[in-house]
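Everything on this sheet refers to the single structure shown next.
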Amino acid sequence: MTGWIIFVVFAVMGILFWTGKGGWLIAGYNTASAEEKKRYDEKKLNRTMAKGWTVITAGLLFLNLAGEDAAPVFLAIFVILVFAGVGYILLMSNNCYVEAEGLSAAEAEKIAREKRNGKRFSMIVLAILAVLVGVPMFGGSVRTEFDGEKIRLSGFFVPGYTLEREEILSVDYETELDLGKRINGNGSVRIQAGQFRNERFGNYRLYSYNRCSEYVVIGTETKTIVVNDKTPEKTKELYEKIKTFSER
């Protein structure tokens with residue numbers, strides 16, 4: 001429900017931009033002095049905001065239609081749409097100065113310099129956003145390491161977990177498994193890791209690659225841990241290794 005409320009708010013703001021009445025919503029412009037505002041073409045600003053805002057709003061609509069249990073790829077598409085909308089606004093807003101005739105060479109150079117600096121700043125902001133959002137969304141890995149009598153599990157942006165050999169009661173290989181819903185942790189296009197919940201296990205820990213739909217299910221007295229590797233072949237090898245480790 002909250003997602004749809006946010007979508008409606010964004011849609012209304014988009015309508016204001018398209019009708020040329022959203023100037024008061026534009027950060028920086030709405031707090032500028034009357035003299036500073038004269039340097040900008042408000043109609044162009046609204047139109048630029050409207051186009052970028054429409055892309056962002058389309059991303060919100062897409063995410064709401066996908067639902068709460070949408071696959072990570074849907075979230076990735078949403079992020080790409082939002083990034084595209086924000087990027088368009090940041091870059092194109094630098095072209096919204098009033099094209100006044102009769103400017104002195106000094107004034108014309110000042111506006112040209114502000115445009116260049118604005119575009120550089122926009123590119124830097126977009127690059128930082130791309131790293132901060134893109135790496136968690138499209139990167140990441142999970143690791144299963146054997147250390148003496150312990151197995152150490154870790155995932156990108158997810159707290160690690162150590163499993164003692166004596167805790168392991170069962171090790172099974174699953175080719176079909178409903179992962180359920182993530183409670184916390186990291187869900188990207190590449191991996192899923194953290195605390196999950198499904199009907200079969202209740203709350204359990206997951207460290208997996210999305211491209212592989214086969215899993216090793218480790219049972220203990222108090223919890224279930226599910227892991228895999230990048231491919232079914234590697235996951236099968238991991239299963240044999242954990243099975244041998246647990247039976248020592």
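Every chain in the structure tokens takes a letter, A first, then B, and so on in the order presented; its residues are numbered from 1, and the ligands are numbered from 1 following the presented order.
The list of residues with at least one atom within 8 Å of stretch 119-127 of chain A, based on only C-alpha atoms and without residues fewer than 6 positions apart in the same chain, reads Gly87, Leu90, Leu91 and Asn94 of chain A.
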Only C-alpha atoms, please: the residues just picked out, written as a PDB file, in the first residue's frame.
```pdb
ATOM      1  CA  GLY A  87      20.663  11.353 -14.646  1.00  0.00           C
ATOM      2  CA  LEU A  90      20.900  16.422 -13.510  1.00  0.00           C
ATOM      3  CA  LEU A  91      22.454  16.696 -16.957  1.00  0.00           C
ATOM      4  CA  ASN A  94      22.206  22.622 -17.129  1.00  0.00           C
TER       5      ASN A  94
END
```
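The interatomic distance for the pair atom CA of A:Arg200 and atom CA of A:Thr224 works out to 10.1 Å.
Shortest separation to A:Lys223 among A:Glu107, A:Glu145, A:Glu167, A:Glu247 occurs at residue A:Glu167, atoms counted being only C-alpha atoms.
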Next item on the list: Just the helix (DSSP H, G or I) stuff from stretch 32-199 of chain A, please, per backbone DSSP, written as a PyMOL selection string.
Entry: chain A and resi 34-37+42-66+72-95+105-138+165-167
Notebook entry, point to check: Which is closest to A:Ile225 among A:Leu61, A:Ala50, A:Leu206, A:Cys212, if we use only C-alpha atoms?
Noted result: A:Leu206
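Comparing A:Gly59, A:Cys96, A:Arg116, A:Ser213 by their smallest distance to A:Ile80, the closest is A:Gly59 (using only C-alpha atoms).
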Notebook entry, point to check: Leaving out A:Ala84 and any residue of its chain fewer than 4 positions from it, which residues lie within 9 Å of it when counting only C-alpha atoms, given as a list in words?
Noted result: Gly52, Val55, Ile56, Val79, Ile80, Tyr88 and Ile89 of chain A
Checklist line | All residues 12 Å or closer to A:Thr244, only C-alpha atoms, same chain fewer than 4 positions away omitted, as a list of chain:residue names | finding: A:Phe146, A:Arg165, A:Ile168, A:Ser170, A:Val171, A:Glu237, A:Leu238, A:Tyr239, A:Glu240, A:Arg248
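The residue that comes closest to A:Leu163, out of A:Glu114, A:Glu221, A:Glu199, A:Glu35 and on the basis of only C-alpha atoms, is A:Glu221.
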Next item on the list: Determine, counting only C-alpha atoms, which protein, DNA and RNA residues have an atom within 10 Å of an atom of A:Arg211; residues of the same chain fewer than 3 positions away are not included. Present the result as an NGL selection string.
Entry: :A and (189-191 or 208 or 214 or 229-232)
Item checked: Minimum-distance residue to A:Asp41, chosen among A:Thr54, A:Glu176, A:Tyr97, A:Glu149 (using only C-alpha atoms) -> A:Tyr97
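Take the candidates A:Asn64, A:Asn30, A:Thr235, A:Asn46 and check each one against A:Thr144 using only C-alpha atoms; the shortest distance goes to A:Thr235.
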Next item on the list: Write out as a PyMOL selection string each polymer residue whose atoms come within 12 Å of A:Tyr40, counting only C-alpha atoms; drop sequence neighbours fewer than 4 positions from it.
Entry: chain A and resi 23+28-30+32-36+44-46+93-100+111+115
Next item on the list: Can you pull out every residue within 9 Å of A:Met13, counting only C-alpha atoms, but drop anything in the same chain fewer than 6 positions away, and send it as a VMD selection string?
Entry: chain A and resid 22 25 50 53
Just N, CA, C and O atoms for this one: save the residues we selected as a PDB file, in the first residue's frame.
```pdb
ATOM      1  N   GLY A  22       5.318  23.338 -11.679  1.00  0.00           N
ATOM      2  CA  GLY A  22       6.080  22.649 -10.633  1.00  0.00           C
ATOM      3  C   GLY A  22       7.369  23.331 -10.241  1.00  0.00           C
ATOM      4  O   GLY A  22       8.211  22.731  -9.568  1.00  0.00           O
ATOM      5  N   LEU A  25       8.664  23.125  -6.771  1.00  0.00           N
ATOM      6  CA  LEU A  25       9.127  21.824  -6.295  1.00  0.00           C
ATOM      7  C   LEU A  25      10.593  21.555  -6.650  1.00  0.00           C
ATOM      8  O   LEU A  25      11.159  20.578  -6.183  1.00  0.00           O
ATOM      9  N   ALA A  50       9.831  17.154 -15.907  1.00  0.00           N
ATOM     10  CA  ALA A  50       8.698  16.300 -16.280  1.00  0.00           C
ATOM     11  C   ALA A  50       9.176  15.027 -16.962  1.00  0.00           C
ATOM     12  O   ALA A  50       8.697  13.920 -16.653  1.00  0.00           O
ATOM     13  N   TRP A  53      11.147  12.892 -14.404  1.00  0.00           N
ATOM     14  CA  TRP A  53      10.222  12.436 -13.362  1.00  0.00           C
ATOM     15  C   TRP A  53       9.304  11.347 -13.891  1.00  0.00           C
ATOM     16  O   TRP A  53       8.934  10.430 -13.144  1.00  0.00           O
TER      17      TRP A  53
END
```
